[in-house]
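Chemist: Provided below: final.cif, containing mmCIF, C-alpha atoms and all ligand atoms.
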data_my_file
loop_
_atom_site.label_atom_id
_atom_site.label_comp_id
_atom_site.auth_asym_id
_atom_site.auth_seq_id
_atom_site.Cartn_x
_atom_site.Cartn_y
_atom_site.Cartn_z
CA MET H 29 -49.72 22.56 -11.42
CA GLU H 30 -48.07 23.60 -8.15
CA GLU H 31 -48.62 27.13 -6.84
CA ILE H 32 -45.52 29.40 -6.98
CA LEU H 33 -44.81 32.35 -4.71
CA LEU H 34 -42.15 34.86 -5.76
CA LYS H 35 -41.36 36.25 -2.34
CA ASN H 36 -40.29 39.84 -1.74
CA CYS H 37 -39.40 40.73 -5.35
CA LYS H 38 -37.09 43.71 -5.13
CA LEU H 39 -38.23 45.21 -8.44
CA ILE H 40 -41.21 44.31 -10.62
CA LEU H 41 -41.06 46.07 -13.93
CA ASP H 42 -43.10 45.95 -17.11
CA ALA H 43 -43.76 48.37 -19.98
CA MET H 44 -46.34 50.20 -17.83
CA ARG H 45 -44.92 50.53 -14.34
CA LEU H 46 -42.37 49.74 -11.63
CA ARG H 47 -43.18 48.27 -8.22
CA LYS H 48 -40.89 47.46 -5.29
CA ASN H 49 -40.75 44.80 -2.60
CA GLN H 50 -43.91 42.89 -3.49
CA ASP H 51 -44.79 39.18 -3.60
CA ILE H 52 -46.25 37.59 -6.71
CA LEU H 53 -48.52 34.57 -6.33
CA ILE H 54 -48.91 32.33 -9.37
CA ARG H 55 -51.69 29.77 -9.68
CA GLU H 56 -52.83 27.64 -12.62
CA GLY H 57 -50.73 29.50 -15.17
CA THR H 58 -51.77 33.02 -14.21
CA ILE H 59 -50.76 35.79 -11.84
CA GLU H 60 -53.20 35.40 -8.96
CA GLU H 61 -52.09 38.28 -6.74
CA ILE H 62 -49.39 40.96 -6.33
CA ASN H 63 -49.12 42.21 -2.78
CA GLU H 64 -47.08 42.18 0.43
CA GLY H 65 -47.00 39.31 2.91
CA LEU H 66 -48.48 36.57 0.69
CA SER H 67 -48.01 32.91 1.57
CA THR H 68 -48.26 29.54 -0.17
CA SER H 69 -48.19 25.84 0.52
CA GLY H 70 -46.48 25.40 -2.86
CA ILE H 71 -43.05 26.51 -4.13
CA SER H 72 -41.63 29.69 -2.60
CA ILE H 73 -38.68 31.51 -4.22
CA ASP H 74 -36.68 34.19 -2.43
CA CYS H 75 -36.51 37.17 -4.83
CA LYS H 76 -35.01 39.79 -2.55
CA ASN H 77 -32.28 40.82 -4.96
CA LEU H 78 -34.05 40.06 -8.20
CA LEU H 79 -35.68 42.04 -10.98
CA VAL H 80 -38.91 40.49 -12.32
CA ILE H 81 -40.01 41.38 -15.84
CA PRO H 82 -42.51 39.85 -18.24
CA CYS H 83 -40.76 37.34 -20.52
CA PHE H 84 -39.68 38.45 -23.97
CA PHE H 85 -41.33 36.86 -27.00
CA ASN H 86 -39.30 36.21 -30.15
CA GLY H 87 -41.47 37.24 -33.10
CA HIS H 88 -39.61 35.35 -35.81
CA THR H 89 -37.12 32.50 -35.90
CA HIS H 90 -36.28 29.12 -37.42
CA SER H 91 -35.20 27.21 -34.34
CA PRO H 92 -33.73 24.01 -35.88
CA MET H 93 -31.25 26.17 -37.80
CA SER H 94 -28.97 26.22 -34.77
CA LEU H 95 -27.42 23.22 -36.57
CA LEU H 96 -26.36 25.58 -39.39
CA ARG H 97 -25.02 28.31 -37.11
CA GLY H 98 -21.64 29.64 -38.19
CA ILE H 99 -21.18 27.34 -41.16
CA ALA H 100 -21.95 29.88 -43.90
CA GLU H 101 -21.15 33.50 -43.31
CA ASP H 102 -20.59 36.73 -45.17
CA LEU H 103 -22.89 35.90 -48.11
CA PRO H 104 -25.89 37.77 -49.59
CA LEU H 105 -29.32 36.33 -48.71
CA HIS H 106 -30.17 34.54 -51.94
CA LYS H 107 -26.66 33.08 -52.36
CA TRP H 108 -26.71 32.11 -48.68
CA LEU H 109 -30.05 30.34 -49.13
CA GLU H 110 -29.41 28.70 -52.50
CA GLU H 111 -25.81 27.58 -52.07
CA LYS H 112 -25.59 26.80 -48.38
CA VAL H 113 -28.81 26.69 -46.41
CA TRP H 114 -31.19 24.87 -48.76
CA PRO H 115 -28.74 22.06 -49.78
CA LEU H 116 -27.91 21.40 -46.12
CA GLU H 117 -31.55 21.55 -45.06
CA LYS H 118 -32.37 18.80 -47.55
CA LYS H 119 -30.09 16.50 -45.53
CA LEU H 120 -31.65 17.32 -42.16
CA SER H 121 -33.69 14.54 -40.57
CA ALA H 122 -36.70 15.19 -38.35
CA GLU H 123 -34.71 13.93 -35.35
CA GLN H 124 -31.92 16.41 -36.12
CA MET H 125 -34.47 19.21 -36.40
CA TYR H 126 -35.85 18.18 -33.01
CA ILE H 127 -32.48 18.50 -31.30
CA GLY H 128 -31.69 21.73 -33.19
CA ALA H 129 -34.96 23.22 -31.93
CA LYS H 130 -34.20 22.02 -28.45
CA LEU H 131 -30.83 23.75 -28.35
CA SER H 132 -32.41 26.98 -29.63
CA GLY H 133 -35.26 26.69 -27.15
CA MET H 134 -32.75 26.24 -24.36
CA GLU H 135 -30.79 29.30 -25.51
CA MET H 136 -33.92 31.44 -25.71
CA LEU H 137 -35.36 30.27 -22.39
CA LYS H 138 -32.16 30.87 -20.47
CA SER H 139 -32.06 34.45 -21.79
CA GLY H 140 -35.65 35.18 -20.75
CA PHE H 141 -37.78 34.45 -23.81
CA SER H 142 -40.98 32.56 -22.96
CA GLY H 143 -41.44 31.46 -26.55
CA CYS H 144 -41.05 32.18 -30.22
CA ALA H 145 -42.87 32.32 -33.52
CA ASP H 146 -41.16 29.59 -35.46
CA MET H 147 -41.26 28.54 -39.13
CA TYR H 148 -39.52 25.37 -40.22
CA PHE H 149 -40.22 21.75 -41.18
CA ASN H 150 -41.42 18.76 -39.12
CA MET H 151 -42.92 21.18 -36.66
CA ASP H 152 -44.43 18.38 -34.60
CA TYR H 153 -40.83 17.52 -33.66
CA VAL H 154 -40.20 21.15 -32.77
CA ALA H 155 -43.38 21.13 -30.67
CA LYS H 156 -42.12 18.06 -28.80
CA ALA H 157 -38.82 19.82 -28.03
CA PHE H 158 -40.59 22.97 -26.80
CA ILE H 159 -43.12 21.11 -24.64
CA GLU H 160 -40.27 19.18 -22.98
CA LEU H 161 -38.53 22.47 -22.18
CA ASN H 162 -41.78 24.19 -21.08
CA PHE H 163 -41.37 26.85 -23.77
CA ARG H 164 -44.04 28.43 -25.98
CA GLY H 165 -44.18 28.09 -29.75
CA VAL H 166 -46.41 29.67 -32.36
CA LEU H 167 -45.43 27.12 -34.95
CA CYS H 168 -45.94 26.83 -38.69
CA GLU H 169 -44.74 24.33 -41.25
CA GLY H 170 -42.79 26.37 -43.82
CA ILE H 171 -44.11 25.55 -47.29
CA PHE H 172 -43.24 26.52 -50.87
CA ASP H 173 -44.12 25.15 -54.32
CA PHE H 174 -41.61 27.22 -56.33
CA PHE H 175 -44.40 27.93 -58.86
CA ASP H 176 -44.61 24.24 -59.83
CA LYS H 177 -48.36 23.58 -60.24
CA SER H 178 -47.93 19.86 -59.55
CA GLU H 179 -46.66 20.74 -56.07
CA THR H 180 -49.29 23.30 -55.00
CA ASP H 181 -52.00 21.01 -53.65
CA LYS H 182 -49.44 18.67 -52.12
CA LYS H 183 -47.83 21.51 -50.16
CA ALA H 184 -51.17 22.95 -49.08
CA LYS H 185 -52.12 19.51 -47.75
CA ILE H 186 -48.85 19.23 -45.81
CA ALA H 187 -49.58 22.60 -44.19
CA LEU H 188 -53.13 21.63 -43.26
CA ASN H 189 -52.13 18.22 -41.91
CA MET H 190 -49.44 19.77 -39.73
CA HIS H 191 -51.88 22.41 -38.53
CA LYS H 192 -54.27 19.68 -37.39
CA ARG H 193 -51.50 17.61 -35.85
CA LEU H 194 -50.21 20.55 -33.79
CA ASN H 195 -53.72 21.41 -32.63
CA SER H 196 -54.33 17.82 -31.63
CA LEU H 197 -51.44 18.04 -29.15
CA ASN H 198 -53.81 20.10 -27.04
CA SER H 199 -50.89 21.87 -25.37
CA LYS H 200 -51.22 25.33 -23.87
CA LEU H 201 -47.62 25.94 -24.99
CA ILE H 202 -48.15 25.20 -28.67
CA LYS H 203 -50.21 27.33 -31.03
CA SER H 204 -50.53 26.30 -34.63
CA SER H 205 -50.32 28.74 -37.53
CA PHE H 206 -49.71 28.64 -41.29
CA GLY H 207 -46.35 29.43 -42.90
CA PRO H 208 -46.21 30.06 -46.64
CA HIS H 209 -42.52 30.94 -46.93
CA ALA H 210 -42.66 34.06 -49.15
CA THR H 211 -44.13 35.53 -52.33
CA TYR H 212 -41.02 34.52 -54.30
CA THR H 213 -41.27 30.85 -53.26
CA CYS H 214 -45.05 30.32 -53.17
CA SER H 215 -47.38 30.58 -56.16
CA ARG H 216 -50.42 32.80 -56.06
CA GLU H 217 -52.60 29.67 -55.97
CA LEU H 218 -50.79 28.33 -52.90
CA LEU H 219 -51.13 31.68 -51.13
CA GLU H 220 -54.86 31.68 -51.92
CA ILE H 221 -55.36 28.23 -50.43
CA ILE H 222 -53.49 29.23 -47.26
CA ALA H 223 -55.66 32.37 -47.00
CA GLU H 224 -58.76 30.15 -47.07
CA TYR H 225 -57.35 27.87 -44.37
CA SER H 226 -56.45 30.83 -42.20
CA LEU H 227 -60.01 32.14 -42.42
CA GLU H 228 -61.60 28.73 -41.91
CA TYR H 229 -59.46 27.85 -38.87
CA ASN H 230 -59.09 31.43 -37.58
CA SER H 231 -55.36 30.88 -37.57
CA LEU H 232 -52.35 33.18 -37.78
CA VAL H 233 -50.22 33.21 -40.93
CA GLN H 234 -46.48 33.89 -40.77
CA ILE H 235 -44.76 34.89 -44.02
CA HIS H 236 -41.52 36.60 -45.05
CA VAL H 237 -42.40 39.89 -46.74
CA ALA H 238 -40.29 42.64 -48.33
CA GLU H 239 -37.08 41.25 -46.85
CA THR H 240 -35.02 42.27 -49.89
CA ILE H 241 -35.53 44.71 -52.73
CA GLU H 242 -34.96 41.83 -55.17
CA GLU H 243 -38.05 40.00 -53.97
CA GLN H 244 -40.15 43.16 -54.35
CA ASN H 245 -38.80 43.50 -57.89
CA GLN H 246 -39.57 39.86 -58.66
CA CYS H 247 -43.12 40.36 -57.43
CA ILE H 248 -43.57 43.44 -59.62
CA GLU H 249 -42.16 41.54 -62.61
CA ARG H 250 -44.36 38.50 -62.02
CA TYR H 251 -47.64 40.19 -61.06
CA GLY H 252 -47.25 43.90 -61.86
CA ILE H 253 -47.87 44.77 -58.19
CA ARG H 254 -45.88 44.90 -54.95
CA GLU H 255 -45.83 42.17 -52.28
CA VAL H 256 -48.38 43.59 -49.84
CA GLU H 257 -50.72 44.40 -52.73
CA LEU H 258 -50.45 40.80 -53.89
CA LEU H 259 -51.02 39.52 -50.36
CA ASP H 260 -54.07 41.75 -50.09
CA GLU H 261 -55.46 40.35 -53.34
CA VAL H 262 -55.04 36.74 -52.22
CA GLY H 263 -56.54 37.34 -48.77
CA LEU H 264 -53.34 37.49 -46.74
CA CYS H 265 -53.42 41.08 -45.57
CA ASN H 266 -55.53 41.12 -42.42
CA GLU H 267 -55.39 40.88 -38.63
CA ARG H 268 -54.30 37.21 -38.76
CA CYS H 269 -51.20 37.92 -40.88
CA VAL H 270 -47.71 38.54 -39.52
CA TYR H 271 -45.04 39.76 -41.94
CA ALA H 272 -41.44 38.93 -41.05
CA HIS H 273 -38.76 41.51 -41.95
CA GLY H 274 -40.64 44.26 -43.86
CA ASN H 275 -37.63 46.21 -45.07
CA TRP H 276 -39.01 47.49 -48.36
CA PHE H 277 -42.54 48.84 -48.11
CA ASN H 278 -43.84 51.78 -50.12
CA GLU H 279 -46.62 54.24 -49.21
CA LYS H 280 -49.38 52.07 -50.59
CA GLU H 281 -48.16 49.05 -48.63
CA TYR H 282 -48.06 51.02 -45.35
CA GLU H 283 -51.59 52.13 -46.03
CA LEU H 284 -52.81 48.59 -46.75
CA MET H 285 -51.20 47.19 -43.60
CA ARG H 286 -52.72 49.95 -41.51
CA LYS H 287 -56.20 49.53 -42.98
CA ARG H 288 -56.19 45.75 -42.80
CA ASN H 289 -54.44 45.53 -39.41
CA ALA H 290 -51.60 43.25 -40.54
CA ALA H 291 -48.54 42.99 -38.23
CA VAL H 292 -44.79 43.27 -38.88
CA VAL H 293 -41.84 41.62 -37.13
CA GLN H 294 -38.56 43.51 -37.36
CA ASN H 295 -35.45 41.29 -37.53
CA THR H 296 -32.78 43.94 -37.36
CA ILE H 297 -29.67 41.85 -36.76
CA SER H 298 -30.44 39.41 -39.56
CA ASN H 299 -31.32 42.28 -41.92
CA LEU H 300 -28.01 43.95 -41.15
CA LYS H 301 -25.99 40.75 -41.36
CA LEU H 302 -27.43 39.63 -44.70
CA ALA H 303 -27.44 43.24 -45.90
CA SER H 304 -31.00 42.68 -47.05
CA GLY H 305 -31.85 46.27 -46.31
CA ALA H 306 -31.45 47.97 -43.00
CA THR H 307 -34.47 50.06 -43.83
CA ALA H 308 -37.30 48.56 -41.78
CA ASP H 309 -38.88 51.64 -40.27
CA LEU H 310 -40.17 50.89 -36.78
CA LYS H 311 -40.79 54.56 -36.09
CA ARG H 312 -43.06 54.77 -39.11
CA LEU H 313 -44.88 51.52 -38.29
CA ILE H 314 -45.58 52.70 -34.74
CA SER H 315 -46.66 56.19 -35.77
CA GLU H 316 -49.03 54.71 -38.38
CA GLY H 317 -50.52 52.45 -35.71
CA ILE H 318 -49.35 49.31 -37.51
CA ARG H 319 -48.82 46.50 -35.02
CA CYS H 320 -45.17 45.47 -34.77
CA CYS H 321 -42.72 43.58 -32.59
CA LEU H 322 -39.15 42.24 -32.71
CA GLY H 323 -37.55 38.97 -33.79
CA THR H 324 -34.10 37.45 -33.94
CA ASP H 325 -34.60 35.43 -37.14
CA GLY H 326 -32.92 32.02 -37.22
CA PRO H 327 -29.64 31.19 -35.47
CA ALA H 328 -27.91 30.82 -38.85
CA SER H 329 -28.49 34.46 -39.75
CA ASN H 330 -28.17 36.31 -36.44
CA ASN H 331 -26.38 34.21 -34.88
CA SER H 332 -27.46 34.50 -31.27
CA LEU H 333 -30.99 34.28 -29.92
CA ASP H 334 -30.59 37.06 -27.41
CA PRO H 335 -33.47 39.39 -26.46
CA PHE H 336 -31.09 42.11 -25.25
CA GLU H 337 -29.12 42.23 -28.49
CA MET H 338 -32.41 42.12 -30.39
CA MET H 339 -33.62 45.23 -28.54
CA LYS H 340 -30.33 47.10 -28.69
CA PHE H 341 -29.73 46.64 -32.42
CA SER H 342 -33.36 47.49 -33.21
CA SER H 343 -33.04 50.70 -31.25
CA LEU H 344 -29.66 51.71 -32.67
CA LEU H 345 -30.72 51.10 -36.25
CA GLN H 346 -33.76 53.37 -35.92
CA LYS H 347 -31.64 56.15 -34.48
CA HIS H 348 -29.17 55.68 -37.31
CA ILE H 349 -31.64 55.67 -40.19
CA HIS H 350 -33.57 58.64 -38.83
CA LYS H 351 -30.36 60.47 -37.88
CA ASP H 352 -32.00 61.26 -34.54
CA PRO H 353 -30.97 59.77 -31.18
CA SER H 354 -34.37 60.58 -29.69
CA VAL H 355 -36.16 58.21 -32.08
CA LEU H 356 -37.79 55.33 -30.15
CA SER H 357 -37.17 55.40 -26.44
CA SER H 358 -35.81 52.34 -24.67
CA LYS H 359 -39.29 51.97 -23.18
CA ASP H 360 -40.81 51.80 -26.68
CA ILE H 361 -38.36 49.05 -27.63
CA PHE H 362 -38.93 47.09 -24.40
CA ARG H 363 -42.66 47.32 -24.98
CA LEU H 364 -42.30 45.89 -28.51
CA ALA H 365 -40.25 42.94 -27.20
CA THR H 366 -42.80 42.09 -24.51
CA TYR H 367 -46.35 43.47 -24.49
CA GLU H 368 -46.75 44.19 -28.23
CA ALA H 369 -45.40 40.75 -29.20
CA TYR H 370 -47.98 39.05 -26.96
CA LYS H 371 -50.76 41.17 -28.47
CA ILE H 372 -49.77 40.04 -31.98
CA PHE H 373 -49.26 36.34 -31.28
CA TYR H 374 -51.66 35.77 -28.39
CA PRO H 375 -54.61 38.15 -28.84
CA GLU H 376 -56.69 35.65 -26.86
CA LEU H 377 -54.37 35.86 -23.80
CA LYS H 378 -53.57 38.66 -21.39
CA GLY H 379 -49.77 38.68 -21.66
CA GLY H 380 -46.65 40.82 -21.62
CA LEU H 381 -47.46 42.72 -18.41
CA ILE H 382 -47.18 41.82 -14.74
CA GLU H 383 -50.73 42.26 -13.52
CA LYS H 384 -53.31 40.18 -11.71
CA SER H 385 -55.01 37.70 -14.10
CA TYR H 386 -52.23 38.04 -16.68
CA VAL H 387 -50.45 34.91 -17.90
CA ALA H 388 -47.52 33.97 -15.64
CA ASP H 389 -44.63 34.25 -18.13
CA LEU H 390 -41.92 35.87 -16.04
CA ALA H 391 -38.13 36.24 -16.21
CA LEU H 392 -36.07 37.04 -13.11
CA TYR H 393 -32.57 38.54 -13.21
CA ASP H 394 -29.98 39.16 -10.51
CA LEU H 395 -29.69 42.88 -9.77
CA ASN H 396 -26.04 42.33 -8.86
CA GLU H 397 -25.22 41.81 -12.56
CA ILE H 398 -22.35 44.14 -13.47
CA ARG H 399 -24.32 45.54 -16.38
CA MET H 400 -27.17 46.55 -14.07
CA LYS H 401 -24.91 49.02 -12.27
CA PRO H 402 -25.41 51.76 -11.25
CA LEU H 403 -28.89 51.01 -10.03
CA ILE H 404 -31.49 53.66 -9.23
CA LEU H 405 -34.15 51.56 -7.55
CA ASP H 406 -36.97 54.08 -7.86
CA ASP H 407 -36.50 54.78 -11.54
CA GLY H 408 -38.10 52.30 -13.94
CA GLN H 409 -36.78 54.20 -16.95
CA HIS H 410 -33.24 53.80 -15.65
CA ILE H 411 -33.66 50.01 -15.34
CA ILE H 412 -35.22 49.75 -18.82
CA ASN H 413 -32.24 51.73 -20.18
CA HIS H 414 -29.98 49.01 -18.75
CA LEU H 415 -32.09 46.21 -20.23
CA VAL H 416 -32.08 47.73 -23.71
CA TYR H 417 -28.59 49.18 -23.92
CA SER H 418 -26.24 47.29 -21.62
CA CYS H 419 -27.47 43.78 -20.82
CA SER H 420 -26.56 41.82 -24.01
CA GLY H 421 -25.90 38.20 -23.12
CA MET H 422 -27.51 38.40 -19.68
CA LYS H 423 -29.04 35.16 -18.44
CA ALA H 424 -32.12 34.79 -16.26
CA LYS H 425 -31.86 33.17 -12.83
CA TYR H 426 -35.44 31.93 -13.04
CA VAL H 427 -37.89 31.74 -15.93
CA ILE H 428 -41.54 30.86 -15.44
CA VAL H 429 -43.65 29.99 -18.47
CA ASN H 430 -47.39 29.46 -18.23
CA GLY H 431 -47.08 29.27 -14.44
CA GLU H 432 -44.40 26.56 -14.41
CA ILE H 433 -40.69 26.86 -13.73
CA SER H 434 -38.61 26.38 -16.91
CA VAL H 435 -35.29 27.76 -15.58
CA PHE H 436 -34.29 27.33 -11.95
CA ASP H 437 -31.10 28.91 -10.63
CA TYR H 438 -29.74 29.42 -14.18
CA LYS H 439 -30.36 25.78 -15.22
CA LEU H 440 -33.18 24.18 -17.20
CA ALA H 441 -35.70 22.86 -14.70
CA LYS H 442 -37.19 20.10 -16.83
CA GLU H 443 -34.30 18.83 -18.95
CA ASN H 444 -30.62 17.93 -18.63
CA GLU H 445 -28.56 20.59 -20.41
CA ASP H 446 -25.45 18.42 -20.85
CA GLU H 447 -27.54 15.74 -22.53
CA ILE H 448 -29.04 18.26 -24.95
CA ILE H 449 -25.60 19.59 -25.90
CA LYS H 450 -24.19 16.08 -26.34
CA LYS H 451 -27.06 15.06 -28.64
CA PHE H 452 -26.81 18.33 -30.54
CA GLU H 453 -23.09 17.86 -31.21
CA LYS H 454 -23.70 14.33 -32.45
CA ALA H 455 -26.47 15.57 -34.78
CA PHE H 456 -24.18 18.27 -36.16
CA GLU H 457 -21.35 15.79 -36.74
CA ASP H 458 -23.70 13.45 -38.63
CA LEU H 459 -25.02 16.32 -40.74
CA ILE H 460 -21.60 17.57 -41.78
CA ILE H 461 -20.26 14.07 -42.53
CA ASN H 462 -23.19 13.58 -44.91
CA PHE H 463 -22.72 16.89 -46.70
ZN ZN H 501 -37.06 33.99 -41.58
#
Starting from the file, lay out its structure as structure tokens.

Modeler:
Amino acid sequence: MEEILLKNCKLILDAMRLRKNQDILIREGTIEEINEGLSTSGISIDCKNLLVIPCFFNGHTHSPMSLLRGIAEDLPLHKWLEEKVWPLEKKLSAEQMYIGAKLSGMEMLKSGFSGCADMYFNMDYVAKAFIELNFRGVLCEGIFDFFDKSETDKKAKIALNMHKRLNSLNSKLIKSSFGPHATYTCSRELLEIIAEYSLEYNSLVQIHVAETIEEQNQCIERYGIREVELLDEVGLCNERCVYAHGNWFNEKEYELMRKRNAAVVQNTISNLKLASGATADLKRLISEGIRCCLGTDGPASNNSLDPFEMMKFSSLLQKHIHKDPSVLSSKDIFRLATYEAYKIFYPELKGGLIEKSYVADLALYDLNEIRMKPLILDDGQHIINHLVYSCSGMKAKYVIVNGEISVFDYKLAKENEDEIIKKFEKAFEDLIINF
């Protein structure tokens, strides 16, 4: 791995502090030194008009669903899933999922995400796409048995086999986790088996929880208790569990999550778009000390994988539901999209800040961007305000993931973008012809 020197970075900003005109030396995947006048025999990049921030991490998505982007809109969640998404997904081949994941990975990388937490199928193909891009993935094979007892063991086995396969890749970019889809698609027995695996392999579990009020009602009807209570009973409410969405929690559920140290990923744009309940209360989660971060959800329900939109919508929604513009500062939101996300998904790494010995996941943006103006160079809060409220759609000039360059001068460093788009369009054509 070649050493990288980010020379004379005009601004270095993370959720803790702002520094000016410093060099950053990167060696073997980590930040070796931040100082003036550093030198290298490796790669040197002139950063004199650039802003360096820690990469964003996308806490929840379904990357191959880029193939379904824009083909089914303006429908409620369950109708959207049952009539459009699930029938089309049945037709998707592993190769198509690979190219779908690659397009999404490319979109995320170029915006400044270093990686994502991703639930889908054939995740070894997704892993291949991400490794080729030099992009991180906390991956899980999405499983469900739809309460059919003859399917339970089969699905648990699929999850375990994929877990082992992903681990055997031995890639620093790929982290394996378990992904029971939700309480309304997985039987209690299946959830219990996954809880045992999670404990045995000390592995994260990603699951959709309290996305809609209907699924809470179904859970109460089926088990007489709410979703987080059920998850607690089966062994899936603990520090290894990450709940995607979390729109409909009651007092008892907040208390359980706090006590057991479970984490929540807010997916504001998807929640708004599918009208599944724009009620996820980040302010409450933070004030209760419940770990939380932000996600985009899949490209079929967002539809862009943009960290700036993700932050802006999440902020605006909280102000709206609390009827208070002072709720959650832009700094709070920026922290959730960077530092807090790394703490949830990579507790074993030092990530999400720009400090010596932290992982070198960095995104660099041109300070001449129109949406960065006006620019008060000594005011970190001012720059974070721009990032959260005015930079939607901004692309990174350079992205470094795990100490290697993934985006160089706005282009993928390791892959040919035109080739990816050509293959993606062919895969989409084939999918639609077969539908
Ligand atoms: Zn999801």

Chemist: Which residues are near ligand ZN 501 (chain H) in this structure, taking near to mean any atom at most 12 Å from a ligand atom and counting only C-alpha atoms and all ligand atoms? Format them as an MDAnalysis selection string.

Modeler: chainID H and resid 86:93 105 109 145:148 168 170 207:210 234:240 270:274 293:299 302 304 323:330

Chemist: Considering only C-alpha atoms, return as a PyMOL selection string whatever protein or nucleic-acid residues lie within 7 Å of stretch 34-44 of chain H, sequence-local ones (same chain, fewer than 4 positions apart) excluded.

Modeler: chain H and resi 48-53+72-82+359+362-363+381-382+408

Chemist: Would you mind exporting C-alpha atoms of the selected residues as a compact mmCIF listing (two decimals), in the coordinates of the input?

Modeler:
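File result_12.txt, as written:
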# COMPACT_ATOMS: atom_id res chain seq x y z
CA LYS H 48 -40.89 47.46 -5.29
CA ASN H 49 -40.75 44.80 -2.60
CA GLN H 50 -43.91 42.89 -3.49
CA ASP H 51 -44.79 39.18 -3.60
CA ILE H 52 -46.25 37.59 -6.71
CA LEU H 53 -48.52 34.57 -6.33
CA SER H 72 -41.63 29.69 -2.60
CA ILE H 73 -38.68 31.51 -4.22
CA ASP H 74 -36.68 34.19 -2.43
CA CYS H 75 -36.51 37.17 -4.83
CA LYS H 76 -35.01 39.79 -2.55
CA ASN H 77 -32.28 40.82 -4.96
CA LEU H 78 -34.05 40.06 -8.20
CA LEU H 79 -35.68 42.04 -10.98
CA VAL H 80 -38.91 40.49 -12.32
CA ILE H 81 -40.01 41.38 -15.84
CA PRO H 82 -42.51 39.85 -18.24
CA LYS H 359 -39.29 51.97 -23.18
CA PHE H 362 -38.93 47.09 -24.40
CA ARG H 363 -42.66 47.32 -24.98
CA LEU H 381 -47.46 42.72 -18.41
CA ILE H 382 -47.18 41.82 -14.74
CA GLY H 408 -38.10 52.30 -13.94

Chemist: Residues within 12 Å of stretch 162-164 of chain H, please, as an mmCIF file with C-alpha atoms, in the coordinates of the input. Count only C-alpha atoms; anything in the same chain fewer than 2 positions from it doesn't count.

Modeler:
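So the final result, stored in out-v6.cif, reads:
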data_model
loop_
_atom_site.group_PDB
_atom_site.id
_atom_site.type_symbol
_atom_site.label_atom_id
_atom_site.label_comp_id
_atom_site.auth_asym_id
_atom_site.auth_seq_id
_atom_site.Cartn_x
_atom_site.Cartn_y
_atom_site.Cartn_z
ATOM 1 C CA GLY H 57 -50.730 29.500 -15.170
ATOM 2 C CA CYS H 83 -40.760 37.340 -20.520
ATOM 3 C CA PHE H 84 -39.680 38.450 -23.970
ATOM 4 C CA PHE H 85 -41.330 36.860 -27.000
ATOM 5 C CA ASN H 86 -39.300 36.210 -30.150
ATOM 6 C CA GLY H 87 -41.470 37.240 -33.100
ATOM 7 C CA ALA H 129 -34.960 23.220 -31.930
ATOM 8 C CA LYS H 130 -34.200 22.020 -28.450
ATOM 9 C CA LEU H 131 -30.830 23.750 -28.350
ATOM 10 C CA SER H 132 -32.410 26.980 -29.630
ATOM 11 C CA GLY H 133 -35.260 26.690 -27.150
ATOM 12 C CA MET H 134 -32.750 26.240 -24.360
ATOM 13 C CA GLU H 135 -30.790 29.300 -25.510
ATOM 14 C CA MET H 136 -33.920 31.440 -25.710
ATOM 15 C CA LEU H 137 -35.360 30.270 -22.390
ATOM 16 C CA LYS H 138 -32.160 30.870 -20.470
ATOM 17 C CA GLY H 140 -35.650 35.180 -20.750
ATOM 18 C CA PHE H 141 -37.780 34.450 -23.810
ATOM 19 C CA SER H 142 -40.980 32.560 -22.960
ATOM 20 C CA GLY H 143 -41.440 31.460 -26.550
ATOM 21 C CA CYS H 144 -41.050 32.180 -30.220
ATOM 22 C CA ALA H 145 -42.870 32.320 -33.520
ATOM 23 C CA ASP H 146 -41.160 29.590 -35.460
ATOM 24 C CA VAL H 154 -40.200 21.150 -32.770
ATOM 25 C CA ALA H 155 -43.380 21.130 -30.670
ATOM 26 C CA LYS H 156 -42.120 18.060 -28.800
ATOM 27 C CA ALA H 157 -38.820 19.820 -28.030
ATOM 28 C CA PHE H 158 -40.590 22.970 -26.800
ATOM 29 C CA ILE H 159 -43.120 21.110 -24.640
ATOM 30 C CA GLU H 160 -40.270 19.180 -22.980
ATOM 31 C CA VAL H 166 -46.410 29.670 -32.360
ATOM 32 C CA LEU H 167 -45.430 27.120 -34.950
ATOM 33 C CA SER H 199 -50.890 21.870 -25.370
ATOM 34 C CA LYS H 200 -51.220 25.330 -23.870
ATOM 35 C CA LEU H 201 -47.620 25.940 -24.990
ATOM 36 C CA ILE H 202 -48.150 25.200 -28.670
ATOM 37 C CA LYS H 203 -50.210 27.330 -31.030
ATOM 38 C CA SER H 204 -50.530 26.300 -34.630
ATOM 39 C CA TYR H 370 -47.980 39.050 -26.960
ATOM 40 C CA PHE H 373 -49.260 36.340 -31.280
ATOM 41 C CA TYR H 374 -51.660 35.770 -28.390
ATOM 42 C CA ASP H 389 -44.630 34.250 -18.130
ATOM 43 C CA LEU H 390 -41.920 35.870 -16.040
ATOM 44 C CA VAL H 427 -37.890 31.740 -15.930
ATOM 45 C CA ILE H 428 -41.540 30.860 -15.440
ATOM 46 C CA VAL H 429 -43.650 29.990 -18.470
ATOM 47 C CA ASN H 430 -47.390 29.460 -18.230
ATOM 48 C CA GLY H 431 -47.080 29.270 -14.440
ATOM 49 C CA GLU H 432 -44.400 26.560 -14.410
ATOM 50 C CA ILE H 433 -40.690 26.860 -13.730
ATOM 51 C CA SER H 434 -38.610 26.380 -16.910
ATOM 52 C CA VAL H 435 -35.290 27.760 -15.580
ATOM 53 C CA LEU H 440 -33.180 24.180 -17.200
ATOM 54 C CA ALA H 441 -35.700 22.860 -14.700
ATOM 55 C CA LYS H 442 -37.190 20.100 -16.830
ATOM 56 C CA GLU H 443 -34.300 18.830 -18.950
#
